[in-house]
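Listing of model-v1.txt, compact mmCIF, C-alpha atoms
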```
# COMPACT_ATOMS: atom_id res chain seq x y z
CA MET A 26 -16.68 109.21 -73.72
CA ALA A 27 -18.68 106.27 -74.87
CA ASP A 28 -18.21 105.52 -78.55
CA PRO A 29 -20.68 102.87 -79.65
CA THR A 30 -18.83 102.22 -82.93
CA ARG A 31 -15.53 101.65 -81.17
CA ARG A 32 -17.19 99.47 -78.54
CA ALA A 33 -18.81 97.38 -81.25
CA LEU A 34 -15.46 96.90 -82.97
CA ILE A 35 -13.80 95.73 -79.76
CA ALA A 36 -16.66 93.31 -79.16
CA ALA A 37 -16.33 91.99 -82.70
CA ALA A 38 -12.57 91.58 -82.31
CA ALA A 39 -13.06 89.69 -79.07
CA ALA A 40 -15.60 87.42 -80.68
CA LEU A 41 -13.44 86.61 -83.71
CA PRO A 42 -11.03 84.19 -82.06
CA LEU A 43 -13.97 82.27 -80.65
CA VAL A 44 -15.49 81.91 -84.09
CA ALA A 45 -12.14 80.80 -85.53
CA VAL A 46 -11.58 78.24 -82.79
CA SER A 47 -15.03 76.73 -83.09
CA GLY A 48 -14.59 76.70 -86.87
CA CYS A 49 -11.39 74.66 -86.46
CA ASN A 50 -13.10 72.27 -84.10
CA GLY A 51 -15.85 71.73 -86.59
CA VAL A 52 -13.39 70.82 -89.36
CA ASN A 53 -11.50 68.48 -87.06
CA VAL A 54 -14.66 66.69 -86.04
CA LEU A 55 -15.73 66.17 -89.64
CA ALA A 56 -12.38 64.94 -90.98
CA SER A 57 -9.93 63.58 -88.46
CA PRO A 58 -7.01 63.43 -88.93
CA PRO A 59 -6.84 66.74 -90.83
CA ARG A 60 -5.84 66.46 -94.47
CA GLN A 61 -4.30 68.91 -96.84
CA ALA A 62 -6.43 69.83 -99.82
CA ALA A 63 -3.54 69.04 -102.19
CA ASP A 64 -3.53 65.45 -100.94
CA VAL A 65 -6.97 64.79 -102.41
CA GLY A 66 -5.83 65.32 -106.01
CA LEU A 67 -2.66 63.29 -105.46
CA LEU A 68 -4.65 60.49 -103.82
CA GLN A 69 -7.18 60.38 -106.63
CA ALA A 70 -4.39 60.09 -109.20
CA ALA A 71 -2.69 57.33 -107.19
CA ILE A 72 -5.98 55.47 -106.76
CA GLY A 73 -6.61 55.65 -110.52
CA ALA A 74 -3.14 54.27 -111.25
CA GLU A 75 -3.54 51.37 -108.80
CA GLN A 76 -7.00 50.57 -110.13
CA LEU A 77 -5.56 50.36 -113.62
CA LEU A 78 -2.78 47.99 -112.48
CA VAL A 79 -5.28 45.79 -110.65
CA THR A 80 -7.46 45.47 -113.76
CA GLN A 81 -4.39 44.78 -115.91
CA TYR A 82 -3.18 42.00 -113.60
CA ALA A 83 -6.67 40.56 -113.43
CA ALA A 84 -6.94 40.57 -117.24
CA VAL A 85 -3.57 38.82 -117.62
CA LEU A 86 -4.57 36.23 -115.02
CA ARG A 87 -7.89 35.61 -116.80
CA GLY A 88 -5.96 34.95 -120.01
CA LEU A 89 -3.55 32.58 -118.28
CA THR A 90 -6.21 30.53 -116.54
CA GLY A 91 -8.21 30.43 -119.79
CA SER A 92 -5.29 28.82 -121.65
CA GLY A 93 -5.15 26.01 -119.07
CA ALA A 94 -1.54 24.96 -119.75
CA GLY A 95 0.68 23.90 -116.83
CA ALA A 96 3.24 26.61 -117.44
CA SER A 97 0.49 29.22 -117.39
CA ALA A 98 -0.75 27.87 -114.07
CA ALA A 99 2.74 28.28 -112.57
CA LEU A 100 2.96 31.83 -113.90
CA ALA A 101 -0.52 32.64 -112.59
CA ALA A 102 0.53 31.39 -109.14
CA ALA A 103 3.50 33.78 -109.24
CA LEU A 104 1.32 36.74 -110.31
CA GLU A 105 -1.42 36.23 -107.70
CA PRO A 106 0.55 37.61 -104.72
CA LEU A 107 1.61 40.66 -106.75
CA LEU A 108 -2.04 41.36 -107.59
CA GLY A 109 -2.88 40.90 -103.90
CA GLN A 110 -0.33 43.57 -102.99
CA HIS A 111 -1.79 46.00 -105.51
CA ARG A 112 -5.22 45.40 -104.00
CA ALA A 113 -3.70 46.23 -100.60
CA HIS A 114 -2.20 49.43 -102.07
CA LEU A 115 -5.58 50.37 -103.47
CA ALA A 116 -7.40 49.69 -100.19
CA GLU A 117 -4.90 51.74 -98.21
CA LEU A 118 -5.02 54.65 -100.67
CA ARG A 119 -8.83 54.62 -100.64
CA SER A 120 -8.87 54.59 -96.83
CA ARG A 121 -6.91 57.86 -96.86
CA LEU A 122 -9.39 59.59 -99.15
CA ILE A 123 -12.32 61.39 -97.62
CA VAL A 124 -14.48 63.00 -100.27
CA PRO A 125 -17.28 65.32 -99.14
CA GLY A 126 -20.73 63.82 -99.76
CA GLY A 127 -22.19 64.47 -103.22
CA SER A 128 -18.86 65.39 -104.84
CA ALA A 129 -17.50 61.86 -105.28
CA SER A 130 -16.35 61.33 -108.84
CA PRO A 131 -17.81 58.24 -110.50
CA ALA A 132 -15.01 58.19 -113.10
CA PRO A 133 -12.58 55.80 -111.32
CA ALA A 134 -15.25 53.13 -110.82
CA ALA A 135 -16.25 53.39 -114.47
CA ARG A 136 -12.61 52.93 -115.50
CA ALA A 137 -12.23 49.91 -113.26
CA THR A 138 -15.09 47.99 -114.83
CA ARG A 139 -13.67 48.23 -118.35
CA ALA A 140 -11.32 45.29 -119.06
CA PRO A 141 -8.02 46.59 -120.47
CA ALA A 142 -6.40 45.03 -123.53
CA VAL A 143 -3.41 42.93 -122.49
CA PRO A 144 -1.14 40.65 -124.55
CA ALA A 145 -2.24 37.00 -124.60
CA ALA A 146 1.18 35.27 -124.80
CA PRO A 147 2.70 34.72 -121.31
CA ALA A 148 6.06 36.38 -122.06
CA ALA A 149 4.43 39.39 -123.69
CA ALA A 150 1.89 39.67 -120.88
CA VAL A 151 4.63 39.66 -118.23
CA ALA A 152 6.65 42.23 -120.18
CA PHE A 153 3.50 44.37 -120.32
CA LEU A 154 3.01 44.13 -116.54
CA ARG A 155 6.72 44.83 -115.98
CA ALA A 156 6.47 48.09 -117.92
CA ALA A 157 3.24 48.97 -116.11
CA GLU A 158 4.91 48.41 -112.71
CA GLN A 159 7.86 50.61 -113.64
CA ALA A 160 5.63 53.39 -114.93
CA THR A 161 3.36 53.26 -111.88
CA ALA A 162 6.31 53.22 -109.45
CA ALA A 163 7.88 56.24 -111.18
CA ALA A 164 4.58 58.14 -111.23
CA MET A 165 4.09 57.38 -107.52
CA LEU A 166 7.48 58.96 -106.76
CA GLY A 167 6.46 61.94 -108.86
CA ARG A 168 3.62 62.56 -106.38
CA LEU A 169 6.01 63.02 -103.43
CA PRO A 170 6.50 66.80 -103.79
CA GLY A 171 3.49 68.54 -102.35
CA ALA A 172 2.13 65.53 -100.47
CA SER A 173 1.65 65.65 -96.71
CA ALA A 174 4.26 63.79 -94.64
CA SER A 175 2.17 60.69 -94.01
CA LEU A 176 0.93 60.46 -97.58
CA ALA A 177 4.49 60.91 -98.93
CA GLN A 178 5.56 57.95 -96.80
CA LEU A 179 2.72 55.84 -98.18
CA PHE A 180 3.56 56.80 -101.78
CA ALA A 181 7.27 56.02 -101.22
CA SER A 182 6.45 52.64 -99.68
CA ILE A 183 4.03 51.68 -102.47
CA SER A 184 6.54 52.81 -105.11
CA ALA A 185 9.23 50.66 -103.46
CA SER A 186 6.85 47.67 -103.40
CA GLU A 187 6.20 48.12 -107.11
CA ALA A 188 9.93 48.38 -107.79
CA THR A 189 10.36 44.94 -106.17
CA HIS A 190 7.66 43.53 -108.47
CA VAL A 191 9.93 44.06 -111.48
CA PRO A 192 12.57 41.44 -110.49
CA ALA A 193 9.73 39.23 -109.17
CA LEU A 194 8.16 39.30 -112.66
CA ASP A 195 11.53 38.50 -114.22
CA ASP A 196 11.87 35.49 -111.91
CA ALA A 197 8.34 34.37 -112.71
CA LEU A 198 9.02 34.50 -116.44
CA ARG A 199 12.33 32.66 -116.07
CA ASP A 200 10.44 29.76 -114.54
CA VAL A 201 8.09 29.49 -117.52
CA PRO A 202 9.29 26.74 -119.91
CA GLY A 203 9.26 27.50 -123.63
CA ARG A 204 8.97 31.25 -123.17
CA ALA A 205 11.13 31.85 -126.26
CA GLY A 206 8.20 30.80 -128.42
CA ALA A 207 5.78 33.14 -126.69
CA MET B 203 18.53 76.45 -93.74
CA THR B 204 17.86 73.11 -92.10
CA GLU B 205 14.24 72.09 -91.67
CA PRO B 206 13.26 71.24 -88.07
CA GLY B 207 13.39 67.48 -87.64
CA ALA B 208 15.86 66.95 -90.48
CA THR B 209 18.82 66.36 -88.20
CA GLY B 210 16.89 63.87 -86.09
CA ALA B 211 15.68 61.98 -89.18
CA LEU B 212 19.21 61.89 -90.63
CA GLN B 213 20.61 60.65 -87.31
CA GLY B 214 17.88 57.98 -87.19
CA ALA B 215 18.79 56.76 -90.67
CA LEU B 216 22.47 56.83 -89.71
CA ALA B 217 21.83 54.74 -86.60
CA ALA B 218 20.02 52.17 -88.76
CA GLU B 219 22.93 52.15 -91.24
CA HIS B 220 25.44 51.62 -88.44
CA ALA B 221 23.39 48.64 -87.26
CA ALA B 222 23.11 47.29 -90.83
CA VAL B 223 26.87 47.55 -91.41
CA TYR B 224 27.44 45.55 -88.23
CA GLY B 225 24.63 43.10 -89.01
CA TYR B 226 25.70 42.36 -92.58
CA GLY B 227 29.12 41.41 -91.20
CA VAL B 228 27.33 38.67 -89.28
CA VAL B 229 25.10 37.77 -92.26
CA GLY B 230 28.07 37.30 -94.59
CA ALA B 231 29.91 35.12 -92.08
CA TYR B 232 27.19 32.46 -92.27
CA LEU B 233 26.77 32.44 -96.06
CA THR B 234 28.78 30.94 -98.92
CA GLY B 235 29.04 31.36 -102.69
CA ALA B 236 26.65 33.68 -104.49
CA SER B 237 24.72 34.51 -101.31
CA ARG B 238 27.90 35.59 -99.58
CA ALA B 239 28.82 37.78 -102.57
CA THR B 240 25.39 39.42 -102.44
CA ALA B 241 25.74 40.00 -98.70
CA ALA B 242 29.16 41.59 -99.32
CA ALA B 243 27.69 43.90 -101.98
CA ASP B 244 24.84 44.88 -99.65
CA TRP B 245 27.36 45.48 -96.84
CA VAL B 246 29.25 47.92 -99.09
CA ALA B 247 25.98 49.63 -100.08
CA HIS B 248 25.22 50.25 -96.40
CA GLN B 249 28.75 51.54 -95.75
CA ASN B 250 28.33 54.01 -98.62
CA ALA B 251 24.93 55.11 -97.34
CA ARG B 252 26.38 55.56 -93.85
CA ASP B 253 29.21 57.71 -95.24
CA GLU B 254 26.73 59.84 -97.21
CA LEU B 255 24.58 60.43 -94.13
CA GLU B 256 27.62 61.36 -92.03
CA ALA B 257 28.73 63.88 -94.67
CA MET B 258 25.22 65.35 -94.83
CA LEU B 259 25.08 65.77 -91.04
CA ARG B 260 28.53 67.39 -90.94
CA SER B 261 27.57 69.80 -93.73
CA ARG B 262 24.61 70.82 -91.53
CA GLY B 263 26.94 71.46 -88.61
CA SER B 264 25.85 68.35 -86.70
CA GLN B 265 28.08 65.68 -85.22
CA PRO B 266 27.12 62.29 -86.74
CA GLY B 267 26.08 59.73 -84.15
CA PRO B 268 28.72 57.02 -83.60
CA ALA B 269 28.26 53.31 -84.17
CA ALA B 270 27.86 51.14 -81.09
CA ILE B 271 30.79 48.89 -80.22
CA ALA B 272 28.50 45.87 -80.52
CA TYR B 273 24.83 45.27 -81.27
CA GLN B 274 22.32 42.88 -79.79
CA LEU B 275 21.09 40.86 -82.77
CA PRO B 276 17.27 40.79 -83.04
CA ILE B 277 17.38 37.00 -83.63
CA PRO B 278 19.99 34.34 -82.85
CA VAL B 279 22.15 33.65 -85.92
CA ARG B 280 23.87 30.29 -86.18
CA THR B 281 22.72 29.04 -89.60
CA SER B 282 22.58 30.40 -93.15
CA GLY B 283 18.78 30.52 -92.90
CA GLN B 284 18.95 32.64 -89.77
CA ALA B 285 21.54 34.87 -91.46
CA VAL B 286 19.10 35.47 -94.33
CA SER B 287 16.32 36.24 -91.83
CA LEU B 288 18.61 38.77 -90.15
CA ALA B 289 19.27 40.47 -93.51
CA VAL B 290 15.51 40.82 -94.05
CA ILE B 291 15.05 42.34 -90.57
CA LEU B 292 17.94 44.76 -91.10
CA GLU B 293 16.46 45.95 -94.39
CA GLU B 294 12.98 46.38 -92.92
CA ARG B 295 14.43 48.60 -90.18
CA ILE B 296 16.47 50.54 -92.73
CA ALA B 297 13.37 51.19 -94.84
CA THR B 298 11.45 52.41 -91.79
CA ALA B 299 14.30 54.75 -90.84
CA TYR B 300 14.45 56.26 -94.33
CA LEU B 301 10.69 56.82 -94.34
CA GLY B 302 11.57 59.33 -91.61
CA LEU B 303 13.40 61.33 -94.29
CA VAL B 304 10.43 61.01 -96.65
CA ALA B 305 8.26 62.69 -93.99
CA LEU B 306 10.39 65.85 -94.24
CA SER B 307 9.31 68.59 -96.63
CA THR B 308 12.80 69.40 -97.98
CA PRO B 309 12.58 67.94 -101.52
CA ALA B 310 16.18 66.60 -101.63
CA LEU B 311 15.81 64.78 -98.30
CA ARG B 312 12.41 63.39 -99.25
CA GLU B 313 13.84 62.16 -102.55
CA LEU B 314 16.88 60.58 -100.88
CA GLY B 315 14.62 58.84 -98.38
CA ALA B 316 12.39 57.43 -101.14
CA LEU B 317 15.40 56.23 -103.13
CA GLN B 318 16.82 54.41 -100.12
CA VAL B 319 13.45 52.88 -99.21
CA ARG B 320 13.34 51.45 -102.73
CA GLN B 321 16.91 50.09 -102.58
CA SER B 322 16.22 48.55 -99.19
CA ALA B 323 12.97 46.98 -100.42
CA LEU B 324 14.80 45.45 -103.38
CA ARG B 325 17.44 43.93 -101.10
CA ALA B 326 14.80 42.70 -98.64
CA ALA B 327 12.78 41.09 -101.45
CA PHE B 328 15.90 39.28 -102.66
CA TRP B 329 16.66 37.85 -99.20
CA ARG B 330 13.02 37.10 -98.41
CA GLY B 331 12.36 35.53 -101.80
CA SER B 332 9.05 37.38 -102.00
CA THR B 333 7.65 40.90 -102.06
CA VAL B 334 5.52 42.86 -99.59
CA ALA B 335 2.89 45.56 -100.11
CA PHE B 336 4.28 48.24 -97.76
CA PRO B 337 8.06 48.15 -97.28
CA GLY B 338 9.10 50.08 -94.18
CA LEU B 339 5.57 50.96 -93.06
CA THR B 340 4.49 49.46 -89.76
CA ALA B 341 1.00 48.11 -89.17
CA ALA B 342 0.22 51.11 -86.97
CA ALA B 343 0.90 53.46 -89.89
CA LEU B 344 -1.67 51.75 -92.12
CA ALA B 345 -5.34 52.65 -91.87
CA ALA B 346 -7.04 50.09 -94.10
CA PRO B 347 -7.99 46.75 -92.52
CA ARG B 348 -5.54 44.02 -93.50
CA ARG B 349 -6.36 40.42 -94.25
CA ASN B 350 -3.58 39.41 -91.87
CA PRO B 351 -5.27 39.37 -88.42
CA ALA B 352 -1.92 40.27 -86.83
CA LEU B 353 -2.21 43.70 -88.42
CA GLY B 354 -5.13 45.45 -86.79
CA ARG B 355 -7.12 48.41 -87.90
CA GLN B 356 -5.99 51.74 -86.56
CA SER B 357 -8.68 54.30 -85.84
```
Now that the file is in, can you turn its structure into C-alpha cells?
Amino acid sequence: MADPTRRALIAAAAALPLVAVSGCNGVNVLASPPRQAADVGLLQAAIGAEQLLVTQYAAVLRGLTGSGAGASAALAAALEPLLGQHRAHLAELRSRLIVPGGSASPAPAARATRAPAVPAAPAAAVAFLRAAEQATAAAMLGRLPGASASLAQLFASISASEATHVPALDDALRDVPGRAGA
Amino acid sequence: MTEPGATGALQGALAAEHAAVYGYGVVGAYLTGASRATAAADWVAHQNARDELEAMLRSRGSQPGPAAIAYQLPIPVRTSGQAVSLAVILEERIATAYLGLVALSTPALRELGALQVRQSALRAAFWRGSTVAFPGLTAAALAAPRRNPALGRQS
C-alpha cells in the first residue's frame, strides 16, 4: 500500500546525506584548511600579546636611539633581531587567522597604535622586556590545551623562541658599559 | 588509554634523543674548557630525556626503539666550529621531534613536548649564539611569507 507520508520521509532521509556533504564542501572551499572554532579565540589572544611585545620593543628602541650614546647603539643592535622575530611571530599568527567578513575586531589595531610606557634607562628597559618575554612565553604555553594540533605546535615554538630571548637580553645587558648607574 | 599516534610520536622523539646522545659524544670530543663542560651537561640532559621516553613507552606496553650502532653525521666534524654546528643541528632535530608530541591531544604529552622544545631551543641558542623565531618548525609548516627567500610561502 502506498503511503505518501512514509515515502516522503524516505526521500527526505535519502536527501539528507547529500545536503550534509555539500554543506561540508562549502565550508572547506571557504576556509581551507579547516579550523576549529576554539582556535580563533586563542589566536586572537596570541596576536594581541605579540602586538603588545612588538610595540614595547619598538618603544624601547625609540628611547635608545633618541639617547644617541654608543652603549645604547650597541644595545639597540642586540634588540633589533629580537624585535624582528616577534614581528615574524605576529605575521605567522595573523596568517592563521581567518575572520569572516564584517566581524573583524578593530580592537587589536587600536591597541597597536598606542605607544606603551617603557622605562627610559637601558638596564630598566631591558629588565622590562625580560619580564614581558617571560610573561608572554608562559601565556603562550597556557594556550596549548584546547588548540588544534598545528596551532599548538606554533604556540609551543613561539613560546620556546621567547624563552631564548631571556638569556639573549641578559647577554645584551652584560655588554652595556656602566649599566650599574642605569 | 593511549591516544592513536602517541606511540609513534614518542618513538620519534626517542630516535632523535638516541641520535643526540651519540652526536653530543662527538661534539664534546672536539671542544675544550667551558664549551666542553656545556656539551657534557647537554649530553646528560639528552640521556635523561631518552630514559624518560623509554620508560613512558614501556609503561604503554611498547618496546622502545633501540639506538643505532653508529650514526652518519649530518656534517663532517673535525674542528670545534664544526662541533658547535653539529650541536645546533642536533637540537633543531630534537625540537622538531618533540613538536610531534605537542601535536597530540593528551595534555601531559603535549606539555612534555612543549617543555622539551623550549629546553632544546635554549641549548640551540647557546650553541648558535643567536635566537630564531620558530624553533623546531620547518619552513613548510609556516604559512606567512618569510623575508628569507629560502623559506617559501606554502599555500
Exercise. Which residues of chain B are close to chain A, meaning at most 10 Å apart when you count only C-alpha atoms, and how do they look as JSON, numbers by chain?
Worked result: {"B": [297, 298, 300, 301, 302, 303, 304, 305, 306, 307, 308, 309, 310, 312, 313, 315, 316, 317, 318, 319, 320, 321, 322, 323, 324, 325, 326, 327, 328, 331, 332, 333, 334, 335, 336, 337, 338, 339, 343, 344, 345, 346, 347, 348, 349, 357]}
Exercise. How many Å lie between atom CA of Glu254 of chain B and atom CA of Leu288 of chain B, rounded to one decimal?
Worked result: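 Computed distance, atom CA of Glu254 of chain B to atom CA of Leu288 of chain B, equals 23.7 Å.
Across B:Gln284, B:Thr204, B:Val228, B:Asp244, the tightest approach to Gly263 of chain B is made by B:Thr204 when counting all atoms listed in the file.
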For this session: Just give me the gap between atom CA of Asp64 of chain A and atom CA of Met165 of chain A in Å, one decimal is fine.
Result: 12.9 Å
For this session: One decimal, Å: what's the distance from atom CA of Leu233 of chain B over to atom CA of Asp195 of chain A, could you say?
Result: 24.5 Å
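With only C-alpha atoms as the atoms that count, the minimum distance from Pro144 of chain A to the choices A:Asp200, A:Gln159, A:Leu67, A:Gln81 is reached by A:Gln81.
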Exercise. Which residues come within 9 Å of Ala140 of chain A, counting only C-alpha atoms, excluding same-chain residues fewer than 4 positions away, as a PyMOL selection string?
Worked result: chain A and resi 80-81+83-84+136
Exercise. Using all atoms listed in the file, can you list as a PyMOL selection string the residues within 10 Å of (17.8, 67.0, -89.3)?
Worked result: chain B and resi 204-214+258-259+262+264+303+306+311
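For Ala101 of chain A, the residues within 8 Å (counting only C-alpha atoms, excluding itself and residues fewer than 6 positions away along the chain) are Leu86, Leu89 and Thr90 of chain A.
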Could you save the residues just selected, with C-alpha atoms, as a short mmCIF file (atom, residue, chain, number, x, y, z; two decimals), in the coordinates of the input?
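Final output, saved to out_1.cif:
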```cif
data_model
loop_
_atom_site.label_atom_id
_atom_site.label_comp_id
_atom_site.auth_asym_id
_atom_site.auth_seq_id
_atom_site.Cartn_x
_atom_site.Cartn_y
_atom_site.Cartn_z
CA LEU A 86 -4.57 36.23 -115.02
CA LEU A 89 -3.55 32.58 -118.28
CA THR A 90 -6.21 30.53 -116.54
#
```
Quick one: 4 Å padding each side, axis-aligned, all listed atoms of segment 182-193 of chain A - centre and edge lengths in Å to one decimal, as JSON?
```
{"center_x": 8.3, "center_y": 46.0, "center_z": -105.6, "size_x": 16.5, "size_y": 21.6, "size_z": 19.8}
```
Problem set entry | Counting all atoms listed in the file, the residue of A:Ala163, A:Ala157, A:Val79, A:Ala148 that sits nearest Ser97 of chain A |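 Using all atoms listed in the file, the shortest distance to Ser97 of chain A belongs to A:Ala148.
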